[in-house]
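Have a look at coords.cif below; it lists mmCIF, C-alpha atoms and all ligand atoms.
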```
data_structure
loop_
_atom_site.label_atom_id
_atom_site.label_comp_id
_atom_site.auth_asym_id
_atom_site.auth_seq_id
_atom_site.Cartn_x
_atom_site.Cartn_y
_atom_site.Cartn_z
CA MET C 27 117.04 115.13 121.58
CA SER C 28 116.31 115.75 117.92
CA CYS C 29 113.54 118.07 116.75
CA TYR C 30 110.53 115.99 115.67
CA GLY C 31 110.23 118.23 112.62
CA CYS C 32 113.71 118.85 111.17
CA TYR C 33 115.98 116.52 113.26
CA LYS C 34 118.12 119.40 114.47
CA GLU C 35 119.46 119.08 118.01
CA ASN C 36 116.91 120.63 120.34
CA THR C 37 115.81 120.56 123.96
CA GLU C 38 112.10 119.96 123.35
CA GLY C 39 109.79 118.40 120.75
CA TYR C 40 109.80 121.03 118.01
CA CYS C 41 112.46 123.70 117.45
CA ALA C 42 111.53 127.37 117.04
CA GLY C 43 111.85 127.16 113.24
CA CYS C 44 109.51 124.18 112.95
CA ARG C 45 107.03 125.72 115.40
CA LYS C 46 106.88 128.78 113.19
CA LYS C 47 106.39 126.89 109.94
CA LEU C 48 103.95 124.34 111.32
CA PHE C 49 102.04 126.06 114.08
CA GLY C 50 102.36 129.80 113.53
CA GLY C 51 104.97 129.96 116.31
CA LYS C 52 102.78 128.36 119.00
CA ARG C 53 104.51 126.08 121.51
CA VAL C 54 102.69 122.90 120.47
CA SER C 55 103.74 119.65 122.15
CA HIS C 56 105.07 116.75 120.08
CA VAL C 57 102.73 114.52 122.13
CA LEU C 58 99.02 114.65 121.36
CA ALA C 59 96.41 114.76 124.13
CA PHE C 60 94.61 111.70 122.76
CA ASP C 61 95.38 108.08 121.94
CA ALA C 62 95.93 106.45 118.56
CA PRO C 63 92.85 105.02 116.84
CA THR C 64 92.19 101.43 117.83
CA ALA C 65 89.29 99.03 117.37
CA GLU C 66 87.98 100.10 120.80
CA ASN C 67 88.02 103.88 120.48
CA ILE C 68 87.11 104.18 116.80
CA PRO C 69 83.46 105.24 117.46
CA ALA C 70 84.72 108.21 119.52
CA TYR C 71 87.12 109.06 116.72
CA GLN C 72 84.42 109.04 114.11
CA GLU C 73 82.26 111.28 116.22
CA LYS C 74 84.93 113.94 116.16
CA THR C 75 86.32 113.58 112.68
CA LYS C 76 85.01 112.09 109.54
CA GLN C 77 87.40 109.72 107.95
CA LEU C 78 88.73 111.81 105.09
CA SER C 79 89.56 109.07 102.71
CA ILE C 80 91.09 105.69 102.44
CA SER C 81 93.57 106.76 99.84
CA GLY C 82 95.79 103.85 99.02
CA VAL C 83 96.39 102.19 102.33
CA GLN C 84 96.58 105.12 104.73
CA LEU C 85 93.83 106.44 106.91
CA LYS C 86 93.94 110.17 107.44
CA TYR C 87 92.34 112.29 110.12
CA SER C 88 91.61 115.98 110.08
CA VAL C 89 93.10 118.05 112.89
CA LYS C 90 93.10 121.73 113.85
CA LEU C 91 94.80 123.93 116.43
CA GLU C 92 92.78 125.09 119.41
CA GLY C 93 95.05 127.37 121.36
CA LYS C 94 98.22 125.32 121.66
CA GLU C 95 96.44 121.99 121.37
CA LEU C 96 95.84 119.84 118.30
CA VAL C 97 92.32 118.44 118.25
CA LEU C 98 90.42 116.15 115.90
CA THR C 99 87.89 118.07 113.84
CA GLU C 100 85.21 117.57 111.28
CA THR C 101 85.38 121.08 109.85
CA LYS C 102 88.11 123.64 109.19
CA GLY C 103 90.91 121.08 109.38
CA GLU C 104 94.36 122.64 109.14
CA TYR C 105 96.43 119.45 109.32
CA LEU C 106 96.24 115.85 108.23
CA LEU C 107 97.20 113.20 110.75
CA LYS C 108 98.30 109.80 109.46
CA PRO C 109 98.66 107.12 112.14
CA ILE C 110 100.29 103.74 111.56
CA PRO C 111 98.15 102.20 108.79
CA PRO C 112 96.00 99.41 110.19
CA ARG C 113 96.33 96.94 107.36
CA ALA C 114 97.44 96.17 103.81
CA LEU C 115 101.08 97.17 104.15
CA ILE C 116 103.16 94.04 104.23
CA ALA C 117 106.33 94.85 106.13
CA LEU C 118 107.44 97.28 108.85
CA GLN C 119 104.08 99.03 108.97
CA ASP C 120 104.83 100.70 112.32
CA GLN C 121 107.64 102.53 110.50
CA ALA C 122 105.33 104.15 107.94
CA PRO C 123 104.85 107.53 109.73
CA GLU C 124 108.59 108.11 110.16
CA ASN C 125 109.32 106.79 106.66
CA GLU C 126 107.09 109.50 105.21
CA HIS C 127 108.50 112.19 107.53
CA LEU C 128 112.11 111.25 106.70
CA THR C 129 111.51 111.11 102.95
CA MET C 130 109.76 114.49 102.98
CA GLN C 131 112.62 116.01 105.02
CA ILE C 132 115.28 114.61 102.66
CA ALA C 133 113.40 116.12 99.71
CA LYS C 134 113.09 119.46 101.46
CA GLN C 135 116.40 119.87 103.25
CA LEU C 136 118.82 118.15 100.88
CA PHE C 137 117.23 118.66 97.46
CA ALA C 138 115.21 121.87 97.86
CA VAL C 139 111.98 120.23 96.72
CA PRO C 140 109.04 122.42 97.81
CA VAL C 141 107.11 120.12 100.14
CA ALA C 142 104.08 120.40 102.43
CA GLU C 143 105.20 121.27 105.98
CA ASN C 144 105.40 118.10 108.05
CA ALA C 145 106.65 116.45 111.23
CA LEU C 146 106.49 113.32 113.30
CA ILE C 147 104.14 113.45 116.29
CA LEU C 148 103.25 110.98 119.05
CA PHE C 149 99.86 109.96 120.34
CA LYS C 150 99.33 110.04 124.10
CA ASP C 151 99.99 106.29 124.14
CA GLY C 152 103.38 106.82 122.51
CA THR C 153 102.62 105.47 119.03
CA PRO C 154 103.83 107.68 116.18
CA ALA C 155 101.91 109.50 113.46
CA TYR C 156 102.88 111.67 110.53
CA ILE C 157 101.41 115.17 110.57
CA THR C 158 101.30 117.54 107.63
CA LYS C 159 99.96 121.06 107.24
CA ARG C 160 97.35 121.43 104.53
CA PHE C 161 98.68 123.72 101.82
CA ASP C 162 95.28 124.20 100.20
CA VAL C 163 93.98 126.16 103.22
CA LYS C 164 94.69 129.87 102.95
CA PRO C 165 95.51 131.98 106.04
CA ASP C 166 91.91 133.29 106.12
CA GLY C 167 90.62 129.68 106.24
CA SER C 168 89.25 129.58 102.70
CA LYS C 169 90.37 126.82 100.37
CA GLN C 170 92.64 127.13 97.38
CA LEU C 171 91.49 125.34 94.24
CA GLN C 172 93.49 122.14 93.92
CA GLU C 173 93.17 119.52 91.22
CA ASP C 174 95.19 116.32 90.97
CA PHE C 175 96.25 114.86 87.65
CA ALA C 176 93.60 112.14 87.68
CA GLN C 177 91.02 114.96 87.76
CA ILE C 178 92.92 117.10 85.25
CA SER C 179 93.25 114.24 82.78
CA GLY C 180 89.60 113.29 83.36
CA LYS C 181 90.36 109.78 84.58
CA THR C 182 87.87 108.15 86.92
CA LYS C 183 87.07 104.66 88.14
CA LYS C 184 84.14 104.70 85.75
CA ASN C 185 86.06 105.44 82.56
CA ALA C 186 89.47 103.95 83.37
CA GLY C 187 88.78 101.12 85.82
CA ASP C 188 89.78 100.43 89.43
CA HIS C 189 93.41 101.24 88.76
CA TYR C 190 92.63 104.55 87.07
CA LYS C 191 95.20 106.50 89.08
CA TYR C 192 97.95 104.24 87.75
CA ASN C 193 96.77 104.69 84.19
CA GLY C 194 99.12 107.27 82.67
CA SER C 195 102.72 108.38 82.30
CA TYR C 196 104.93 111.13 83.72
CA GLU C 197 105.41 112.34 80.16
CA ALA C 198 101.64 112.87 79.89
CA ILE C 199 101.58 114.81 83.17
CA GLY C 200 104.38 116.98 81.73
CA GLN C 201 102.22 117.65 78.67
CA LEU C 202 99.32 118.73 80.90
CA ILE C 203 101.64 121.05 82.83
CA ARG C 204 102.66 122.66 79.54
CA ASP C 205 98.99 123.05 78.59
CA LYS C 206 97.85 124.49 81.92
CA VAL C 207 100.75 126.44 83.41
CA ALA C 208 101.64 129.78 81.82
CA ALA C 209 105.35 129.81 82.72
CA SER C 210 105.85 126.07 82.43
CA PRO C 211 109.65 125.56 82.00
CA PRO C 212 110.62 126.08 85.68
CA VAL C 213 107.55 124.12 86.81
CA LEU C 214 108.53 121.22 84.54
CA GLU C 215 111.99 121.25 86.10
CA VAL C 216 110.50 120.87 89.59
CA PHE C 217 108.23 118.10 88.33
CA PHE C 218 111.15 116.31 86.64
CA LYS C 219 113.20 116.54 89.84
CA LEU C 220 110.32 115.05 91.78
CA VAL C 221 109.90 112.11 89.37
CA LEU C 222 113.61 111.41 89.62
CA PHE C 223 113.58 111.81 93.41
CA ASN C 224 110.75 109.27 93.65
CA TYR C 225 112.75 106.80 91.58
CA VAL C 226 115.96 107.23 93.57
CA PHE C 227 114.16 107.05 96.91
CA SER C 228 112.01 104.10 95.88
CA ASN C 229 108.61 105.73 96.02
CA GLY C 230 106.67 103.29 93.87
CA ASP C 231 103.32 104.91 94.57
CA ALA C 232 103.69 108.30 92.85
CA HIS C 233 100.48 107.97 90.84
CA LEU C 234 98.26 110.54 89.11
CA LYS C 235 96.62 111.68 92.35
CA ASN C 236 99.95 112.35 94.03
CA PHE C 237 100.68 115.36 91.83
CA SER C 238 98.41 118.41 91.75
CA LEU C 239 98.03 121.88 90.36
CA VAL C 240 96.83 124.71 92.58
CA GLN C 241 95.36 128.01 91.48
CA THR C 242 97.24 131.11 92.57
CA GLU C 243 95.55 134.31 93.72
CA TYR C 244 96.08 135.66 90.19
CA GLY C 245 94.07 132.80 88.71
CA ASP C 246 96.91 130.92 87.05
CA TYR C 247 98.14 127.43 87.86
CA MET C 248 101.19 126.23 89.78
CA LEU C 249 102.44 122.79 90.72
CA SER C 250 101.39 122.14 94.32
CA LYS C 251 103.90 121.43 97.04
CA ALA C 252 105.00 117.80 97.08
CA TYR C 253 103.14 115.38 99.37
CA ASP C 254 102.91 111.64 100.11
CA LEU C 255 106.62 111.03 99.50
CA MET C 256 107.88 107.84 101.07
CA CYS C 257 110.18 104.90 100.44
CA THR C 258 107.33 102.49 99.70
CA VAL C 259 109.62 99.54 98.96
CA LEU C 260 110.20 99.29 102.73
CA HIS C 261 106.61 98.13 103.10
CA THR C 262 105.90 96.47 99.76
CA PRO C 263 109.21 95.00 98.59
CA THR C 264 107.78 93.45 95.43
CA GLU C 265 106.10 96.49 93.91
CA SER C 266 107.31 98.04 90.66
CA ASP C 267 109.86 100.88 90.67
CA THR C 268 107.46 103.55 89.46
CA ALA C 269 103.68 103.90 89.72
CA LEU C 270 103.42 105.27 86.17
CA GLU C 271 105.56 104.62 83.12
CA LEU C 272 108.10 107.35 82.42
CA TYR C 273 107.02 107.78 78.81
CA GLU C 274 105.24 105.77 76.19
CA GLY C 275 107.38 102.90 74.97
CA ASP C 276 109.99 103.32 77.74
CA VAL C 277 110.45 99.57 78.24
CA ASP C 278 111.71 99.35 74.65
CA SER C 279 114.60 101.73 75.32
CA THR C 280 118.09 100.33 74.81
CA PHE C 281 119.00 100.83 78.46
CA TYR C 282 115.83 99.28 79.80
CA LYS C 283 116.07 96.29 77.50
CA GLN C 284 119.65 95.74 78.59
CA HIS C 285 119.14 96.12 82.36
CA GLY C 286 115.46 95.60 83.10
CA TYR C 287 115.21 98.94 84.92
CA TYR C 288 115.40 102.67 84.14
CA GLY C 289 118.75 104.45 84.00
CA ARG C 290 120.09 107.86 83.11
CA PRO C 291 119.24 107.63 79.37
CA ASP C 292 115.57 107.01 80.22
CA PHE C 293 115.34 110.13 82.35
CA GLU C 294 117.15 112.10 79.65
CA GLU C 295 114.58 110.88 77.16
CA LEU C 296 111.74 111.93 79.48
CA ALA C 297 113.32 115.40 79.74
CA THR C 298 113.60 115.63 75.95
CA ARG C 299 109.96 114.68 75.52
CA MET C 300 109.00 117.40 78.01
CA PHE C 301 111.00 119.92 75.93
CA MET C 302 113.38 120.65 78.78
CA VAL C 303 116.75 122.28 78.13
CA PRO C 304 119.13 119.24 78.09
CA LYS C 305 121.73 121.02 80.23
CA ARG C 306 119.13 121.74 82.91
CA ALA C 307 118.02 118.11 82.95
CA GLN C 308 121.66 116.96 83.29
CA HIS C 309 122.15 119.37 86.16
CA ILE C 310 119.05 118.08 87.97
CA ILE C 311 120.14 114.44 87.53
CA ASP C 312 123.63 115.24 88.86
CA THR C 313 122.13 117.11 91.81
CA ILE C 314 119.92 114.19 92.85
CA LEU C 315 122.81 111.71 92.60
CA LYS C 316 125.08 113.85 94.78
CA LYS C 317 124.86 114.27 98.57
CA GLN C 318 125.09 110.57 99.33
CA GLN C 319 126.81 111.26 102.61
CA GLU C 320 124.21 113.79 103.67
CA VAL C 321 121.41 111.38 102.76
CA SER C 322 122.99 108.55 104.78
CA GLY C 323 123.52 110.96 107.67
CA MET C 324 119.91 112.03 107.72
CA ILE C 325 118.64 108.42 107.56
CA GLU C 326 120.95 107.55 110.45
CA HIS C 327 119.68 110.54 112.42
CA SER C 328 116.01 109.70 111.80
CA PHE C 329 113.53 108.00 114.16
CA LEU C 330 113.39 104.81 112.04
CA SER C 331 114.24 101.46 113.64
CA SER C 332 117.70 100.11 112.86
CA GLU C 333 116.22 97.45 110.56
CA ALA C 334 114.26 100.09 108.65
CA LYS C 335 117.32 102.36 108.42
CA GLU C 336 119.35 99.53 106.94
CA ARG C 337 116.70 98.76 104.33
CA TYR C 338 116.20 102.42 103.50
CA VAL C 339 119.93 102.92 102.87
CA GLY C 340 120.04 99.65 100.94
CA SER C 341 117.31 100.56 98.49
CA TYR C 342 118.74 104.07 98.03
CA THR C 343 122.24 102.72 97.33
CA ASP C 344 120.83 100.22 94.81
CA LYS C 345 119.11 103.01 92.91
CA ILE C 346 122.18 105.24 92.89
CA LYS C 347 124.21 102.36 91.39
CA ARG C 348 121.80 102.21 88.47
CA PHE C 349 123.11 105.58 87.33
CA SER C 350 126.83 104.75 87.44
ZN ZN C 401 112.91 121.66 113.82
#
```

Let me see the structure of the file written as structure tokens.
Ligand SMILES: [Zn+2]
Amino acid sequence: MSCYGCYKENTEGYCAGCRKKLFGGKRVSHVLAFDAPTAENIPAYQEKTKQLSISGVQLKYSVKLEGKELVLTETKGEYLLKPIPPRALIALQDQAPENEHLTMQIAKQLFAVPVAENALILFKDGTPAYITKRFDVKPDGSKQLQEDFAQISGKTKKNAGDHYKYNGSYEAIGQLIRDKVAASPPVLEVFFKLVLFNYVFSNGDAHLKNFSLVQTEYGDYMLSKAYDLMCTVLHTPTESDTALELYEGDVDSTFYKQHGYYGRPDFEELATRMFMVPKRAQHIIDTILKKQQEVSGMIEHSFLSSEAKERYVGSYTDKIKRFS
């Protein structure tokens, strides 16, 4: 069988490497001791864990380790558990947990994007969930200061309307990174890679709240590990390619006007506006476009259904073509 964390061939749920990264080395089962939330058992759920948020369309539950067992918890949560979303997604909603797990693993293993530790896990009844380790909880249990870019840019429902988190551009986030982060050039490169990754892997929901800064122990700011990466077009085929515009006036670019979508020149322009070294930006673009075989291999090896695999590969291939 494949490891439910990294897909490597393994004899049990999680391999030693994943156990170490996710559970401090404890032999935690890839099957939870409780069932998925349903209309019937939801009161029991809410007794044990307060619903963290209804961010976008996903419900999240807070979980912690007790011995070798993962249990729902109201306080001191160490992990977030995301079951199959109950509504709002249009297509293939039962594939959402593995979609997120696969996309996070591609980012981590093939493109060296620093991501929150994550895995697929099963409820007792066999339905899947996505589990991720909270990166804002320090080893001593205290919380690291984390602010997303809606907070950093001061945008709220009150001052920017219901769609406030979609009200901005990646260029503007880059500007805020330059303002807030002391050694910003390498951080901007990671951010640029992530924006490009989201485009190539059809994550149309990378809005202001899906990027954050965290405060280090020395009091300065760093870009947080990446989270909430998924190929959203699998579930909402008609949504736009990006949640935010790349930069102000991007739809007037020569390439965009010609094709009706972003291409290499648009990402080069974004890099220029973020004062990146052009050669570094070129290198990052080339890196993301490479490894097509490895990407296809990992999709094939994933726990997605064959229909979902086909669509995932299809949308990825379409995006790659836009750069040729
Ligand atoms: Zn593993």

Test item: residues lying within 10 Å of ligand ZN 401 (chain C) with all atoms listed in the file, as number ranges by chain:
C: 28-36, 38-48, 145

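The interatomic distance for the pair CA of Val57 (chain C) and CA of Ala133 (chain C) works out to 24.9 Å.
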
Can you list every residue of region 111-141 of chain C that has an atom at most 9 Å from region 315-323 of chain C, with its nearest atom pair and the distance in Å to one decimal, using only C-alpha atoms, ordered by chain then number, as a tab-separated table?
```
residue	atom	partner	partner_atom	distance
C:Ile132	CA	C:Val321	CA	6.9
C:Leu136	CA	C:Glu320	CA	7.5
C:Phe137	CA	C:Lys317	CA	8.9
```

Which polymer residues have any atom within 12 Å of an atom of His189 (chain C), counting all atoms listed in the file, with same-chain residues fewer than 3 positions away left out, as a ChimeraX atom specification?
/C:82,176,181-186,192-194,233-235,269-270

Nearby residues (only C-alpha atoms) at most 9 Å from Ala208 (chain C), same-chain spacing under 2 positions excluded, as a ChimeraX atom specification
/C:203-206,210,246-248
